[in-house]
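I have placed the structure first, in the form of structure tokens, so that the comments after it can refer back to it.
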Amino acid sequence: MGRASAWLRPLGGIVILAVLVWRVGGDAFLTALERLHLAPLVLAAAIVALTTVLGAWRWVLVARALGTRLGLGEAVAECYRSQLLNVTLPGGVLGDVNRGVRHGRGADDVGRGLRSVLWERTAGQVVLVVVATGVLLFDPSRALLAPSAVGIALLTVAAGGLLLTFSLRVAGTRRGEPTRVGRVLQGALDDVRTGLHDRHTSARVLLASCLVVAGHVGTFLLAARTAGVTAPTGRLVPLALVALVAMGLPLNVAGWGPREGVAAWSFGVAGLGAGAGVTTAVVHGVMTLVAVLPGVVLLVGPARWPRARRAAAAHEGAARG
């Protein structure tokens, strides 16, 4: 079943893209590539850098609440590596599992490291779902009011799909341990009782999550403008939020598939044209990929930093002893 699901998830993304090419045509994809140029790519990279730092700060807050040490610089590097893996590998969560395992090994507690990432991603996804749901329900343009029930269901499925996929990946981090997920979930309950219930930590995690959502929406709006969409910003924000939540669906090929499909649907419902939605989504995908390219360097260099620091600290302690 595990191998079958590993094949079915990227297959879902391929099917979505194939249907879009069939129904919308290939021009929407080609137009996206034609409209891309240096200035919006640089601006998108700057926005993604800011959201990466904010996301890393959120992770630091969660990790410290769970009793593990994590510096902001190390967290930023790990988040860049994680994002690069997420946008280049099927499923969209392998990078997060990787950083959770690496952090856990550095803290000599893989389970706790994985849970810190699980809680961090969950916080971000829940805030995104809540914000998107509120915007859909109270959108003054009423463009998505009629299909709002479908949109809210999609948001719920996306959040659940992300958590389920993450749990399945965690379960597969070590073979021969069928109760791995159960231990992770039990540990998550212990986390709530110990450190995560602190209101100051929760408030800062909430603030970081809201700022991250704002950054993601800003990147999507930039993609829409680059794609040639001239609709008012207020009309585009609900569409951006729906597309962003769709990216959490684990039915994708390196992040591609659900985002383009939902963007085509929502832009069509809003009267902007499905083709414009596809073009915007493709521009957004390319912008995101370019923005996380620093992760290529970090895949090699910073991978050794935490280990080197621990070795140096151990050596220093031995010397003093």
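We name chains A, B, ... following the order of the structure tokens; residues begin at 1 in each chain, and ligands are numbered from 1 as shown.
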
At a cut-off of 9 Å, can you tabulate as a tab-separated table every residue of stretch 59-132 of chain A near stretch 229-248 of chain A together with its closest atom pair and the distance in Å to one decimal, using only C-alpha atoms and ordering rows by chain then number?
```
residue	atom	partner	partner_atom	distance
A:Gly92	CA	A:Gly248	CA	7.4
A:Val93	CA	A:Gly248	CA	8.9
A:Gln125	CA	A:Val245	CA	7.8
A:Leu128	CA	A:Val245	CA	7.0
A:Val129	CA	A:Val245	CA	6.9
A:Val131	CA	A:Leu241	CA	8.0
A:Ala132	CA	A:Leu241	CA	5.4
```

Write out as CSV a residue-level contact list of stretch 77-122 of chain A versus stretch 56-62 of chain A with cut-off 9 Å: for each qualifying residue the closest pair of atoms and the distance in Å to one decimal, counting only C-alpha atoms, rows sorted by chain and residue number upward.
```
residue,atom,partner,partner_atom,distance
A:Ala77,CA,A:Ala56,CA,8.6
A:Glu78,CA,A:Ala56,CA,8.3
A:Cys79,CA,A:Ala56,CA,6.4
A:Ser116,CA,A:Val62,CA,5.9
A:Val117,CA,A:Trp59,CA,6.8
A:Trp119,CA,A:Val62,CA,7.2
A:Glu120,CA,A:Trp59,CA,5.5
A:Arg121,CA,A:Trp59,CA,8.5
```

In Å to one decimal, how far is atom CA of A:Val126 from atom CA of A:Thr68? 23.3 Å

Could you tell me which of A:Val292, A:Ala75, A:Ala270, A:Val217 comes closest to A:Val53 if we count only C-alpha atoms?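 Answer, going by the shortest atom-to-atom distance: A:Ala75.
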
Neighbour list for A:Asn86 as a PyMOL selection string, cut-off 12 Å, only C-alpha atoms, skip fewer than 3 positions in-chain: chain A and resi 79-83+89-99+247-248+250+252-256+285+288-289+292-293+295

Write the selection just made, keeping N, CA and C atoms, as a compact mmCIF listing (two decimals), in the first residue's frame?
```txt
# COMPACT_ATOMS: atom_id res chain seq x y z
N CYS A 79 15.46 25.42 6.50
CA CYS A 79 14.21 25.70 5.81
C CYS A 79 14.43 25.90 4.31
N TYR A 80 15.54 26.53 3.93
CA TYR A 80 15.85 26.66 2.50
C TYR A 80 16.07 25.29 1.87
N ARG A 81 16.80 24.44 2.56
CA ARG A 81 17.03 23.09 2.04
C ARG A 81 15.70 22.35 1.93
N SER A 82 14.89 22.49 2.96
CA SER A 82 13.60 21.81 2.98
C SER A 82 12.70 22.27 1.83
N GLN A 83 12.65 23.58 1.60
CA GLN A 83 11.80 24.11 0.53
C GLN A 83 12.28 23.64 -0.83
N LEU A 89 10.73 17.40 -5.37
CA LEU A 89 10.40 15.99 -5.18
C LEU A 89 8.90 15.83 -5.02
N PRO A 90 8.35 14.69 -5.44
CA PRO A 90 6.90 14.47 -5.33
C PRO A 90 6.43 14.49 -3.88
N GLY A 91 5.18 14.90 -3.67
CA GLY A 91 4.58 14.84 -2.35
C GLY A 91 4.56 16.15 -1.61
N GLY A 92 5.62 16.94 -1.73
CA GLY A 92 5.65 18.26 -1.11
C GLY A 92 5.98 18.28 0.36
N VAL A 93 6.37 17.15 0.98
CA VAL A 93 6.68 17.15 2.40
C VAL A 93 8.02 16.46 2.72
N LEU A 94 8.68 15.92 1.72
CA LEU A 94 9.92 15.18 1.97
C LEU A 94 10.98 16.09 2.58
N GLY A 95 11.02 17.34 2.15
CA GLY A 95 11.98 18.27 2.72
C GLY A 95 11.73 18.52 4.19
N ASP A 96 10.47 18.59 4.57
CA ASP A 96 10.12 18.82 5.98
C ASP A 96 10.48 17.61 6.84
N VAL A 97 10.24 16.42 6.31
CA VAL A 97 10.63 15.22 7.04
C VAL A 97 12.14 15.19 7.22
N ASN A 98 12.86 15.56 6.17
CA ASN A 98 14.32 15.56 6.23
C ASN A 98 14.84 16.51 7.29
N ARG A 99 14.29 17.73 7.35
CA ARG A 99 14.79 18.69 8.35
C ARG A 99 14.38 18.26 9.76
N MET A 247 -1.93 23.92 -2.65
CA MET A 247 -0.55 23.44 -2.73
C MET A 247 -0.24 22.44 -1.62
N GLY A 248 -1.05 22.45 -0.54
CA GLY A 248 -0.84 21.49 0.53
C GLY A 248 -1.31 20.10 0.20
N PRO A 250 -1.21 16.56 -1.21
CA PRO A 250 -0.05 15.73 -1.54
C PRO A 250 -0.14 15.07 -2.92
N ASN A 252 0.84 15.86 -6.06
CA ASN A 252 1.57 16.80 -6.92
C ASN A 252 2.87 16.19 -7.41
N VAL A 253 3.40 16.83 -8.42
CA VAL A 253 4.71 16.47 -8.95
C VAL A 253 5.63 17.65 -8.70
N ALA A 254 6.46 17.56 -7.66
CA ALA A 254 7.36 18.65 -7.29
C ALA A 254 6.59 19.96 -7.11
N GLY A 255 5.41 19.87 -6.51
CA GLY A 255 4.61 21.05 -6.24
C GLY A 255 3.64 21.42 -7.34
N TRP A 256 3.71 20.77 -8.48
CA TRP A 256 2.86 21.11 -9.63
C TRP A 256 1.64 20.20 -9.68
N GLY A 285 4.92 29.07 -9.68
CA GLY A 285 5.76 27.90 -9.49
C GLY A 285 7.20 28.15 -9.87
N THR A 288 8.84 30.52 -7.32
CA THR A 288 9.16 29.82 -6.08
C THR A 288 10.39 28.96 -6.23
N LEU A 289 10.49 28.26 -7.37
CA LEU A 289 11.65 27.41 -7.61
C LEU A 289 12.93 28.23 -7.65
N VAL A 292 14.07 29.52 -4.12
CA VAL A 292 14.65 28.57 -3.14
C VAL A 292 15.93 27.92 -3.65
N LEU A 293 16.46 28.40 -4.77
CA LEU A 293 17.69 27.83 -5.30
C LEU A 293 18.89 27.93 -4.36
N GLY A 295 19.00 26.84 -1.66
CA GLY A 295 19.01 25.54 -1.00
C GLY A 295 19.95 24.55 -1.66
```

Find the residues around A:Asp27 up to 12 Å (only C-alpha atoms counted), leave out those fewer than 2 positions away in its own chain, and share them as an MDAnalysis selection string. chainID A and resid 20:25 29:34 274:276 278:279 282

Write the residues of the preceding selection, restricted to N, CA and C atoms, as a PDB file, in the first residue's frame.
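Writing done, so here's selection.pdb:
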```
ATOM      1  N   LEU A  20      -5.493  19.905 -17.700  1.00  0.00           N
ATOM      2  CA  LEU A  20      -5.400  21.344 -17.958  1.00  0.00           C
ATOM      3  C   LEU A  20      -4.903  21.630 -19.372  1.00  0.00           C
ATOM      4  N   VAL A  21      -3.903  20.885 -19.806  1.00  0.00           N
ATOM      5  CA  VAL A  21      -3.401  21.072 -21.173  1.00  0.00           C
ATOM      6  C   VAL A  21      -4.494  20.739 -22.179  1.00  0.00           C
ATOM      7  N   TRP A  22      -5.272  19.716 -21.872  1.00  0.00           N
ATOM      8  CA  TRP A  22      -6.352  19.306 -22.779  1.00  0.00           C
ATOM      9  C   TRP A  22      -7.460  20.346 -22.823  1.00  0.00           C
ATOM     10  N   ARG A  23      -7.872  20.853 -21.666  1.00  0.00           N
ATOM     11  CA  ARG A  23      -9.008  21.768 -21.602  1.00  0.00           C
ATOM     12  C   ARG A  23      -8.630  23.229 -21.865  1.00  0.00           C
ATOM     13  N   VAL A  24      -7.497  23.656 -21.329  1.00  0.00           N
ATOM     14  CA  VAL A  24      -7.105  25.067 -21.447  1.00  0.00           C
ATOM     15  C   VAL A  24      -6.153  25.293 -22.613  1.00  0.00           C
ATOM     16  N   GLY A  25      -5.346  24.282 -22.910  1.00  0.00           N
ATOM     17  CA  GLY A  25      -4.365  24.416 -23.971  1.00  0.00           C
ATOM     18  C   GLY A  25      -2.983  24.714 -23.430  1.00  0.00           C
ATOM     19  N   PHE A  29       0.623  27.867 -20.491  1.00  0.00           N
ATOM     20  CA  PHE A  29       1.930  27.514 -19.928  1.00  0.00           C
ATOM     21  C   PHE A  29       3.044  28.285 -20.628  1.00  0.00           C
ATOM     22  N   LEU A  30       2.967  28.378 -21.936  1.00  0.00           N
ATOM     23  CA  LEU A  30       3.995  29.092 -22.690  1.00  0.00           C
ATOM     24  C   LEU A  30       3.983  30.584 -22.380  1.00  0.00           C
ATOM     25  N   THR A  31       2.791  31.153 -22.212  1.00  0.00           N
ATOM     26  CA  THR A  31       2.680  32.574 -21.876  1.00  0.00           C
ATOM     27  C   THR A  31       3.369  32.872 -20.559  1.00  0.00           C
ATOM     28  N   ALA A  32       3.253  31.962 -19.606  1.00  0.00           N
ATOM     29  CA  ALA A  32       3.902  32.164 -18.310  1.00  0.00           C
ATOM     30  C   ALA A  32       5.410  32.286 -18.468  1.00  0.00           C
ATOM     31  N   LEU A  33       5.991  31.431 -19.279  1.00  0.00           N
ATOM     32  CA  LEU A  33       7.436  31.475 -19.483  1.00  0.00           C
ATOM     33  C   LEU A  33       7.857  32.726 -20.229  1.00  0.00           C
ATOM     34  N   GLU A  34       7.023  33.185 -21.152  1.00  0.00           N
ATOM     35  CA  GLU A  34       7.351  34.382 -21.918  1.00  0.00           C
ATOM     36  C   GLU A  34       7.320  35.648 -21.066  1.00  0.00           C
ATOM     37  N   ALA A 274      -9.908  30.735 -17.007  1.00  0.00           N
ATOM     38  CA  ALA A 274      -9.094  29.626 -16.504  1.00  0.00           C
ATOM     39  C   ALA A 274      -7.658  29.729 -16.984  1.00  0.00           C
ATOM     40  N   GLY A 275      -7.477  30.219 -18.224  1.00  0.00           N
ATOM     41  CA  GLY A 275      -6.124  30.358 -18.764  1.00  0.00           C
ATOM     42  C   GLY A 275      -5.279  31.300 -17.938  1.00  0.00           C
ATOM     43  N   ALA A 276      -5.890  32.404 -17.474  1.00  0.00           N
ATOM     44  CA  ALA A 276      -5.154  33.348 -16.632  1.00  0.00           C
ATOM     45  C   ALA A 276      -4.748  32.704 -15.318  1.00  0.00           C
ATOM     46  N   VAL A 278      -4.112  29.459 -14.839  1.00  0.00           N
ATOM     47  CA  VAL A 278      -3.009  28.541 -15.112  1.00  0.00           C
ATOM     48  C   VAL A 278      -1.705  29.313 -15.299  1.00  0.00           C
ATOM     49  N   THR A 279      -1.757  30.391 -16.070  1.00  0.00           N
ATOM     50  CA  THR A 279      -0.547  31.185 -16.301  1.00  0.00           C
ATOM     51  C   THR A 279      -0.003  31.737 -14.995  1.00  0.00           C
ATOM     52  N   VAL A 282       1.615  28.926 -12.971  1.00  0.00           N
ATOM     53  CA  VAL A 282       2.906  28.508 -13.527  1.00  0.00           C
ATOM     54  C   VAL A 282       3.972  29.543 -13.208  1.00  0.00           C
TER      55      VAL A 282
END
```

If you measure from atom CA of A:Val87 to atom CA of A:Val19, what distance in Å do you get, rounded to one decimal?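 Taking atom CA of A:Val87 and atom CA of A:Val19, their separation equals 21.1 Å.
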
Take atom CA of A:Leu137 and atom CA of A:Arg259 and report the distance between them in Å, one decimal. 20.6 Å
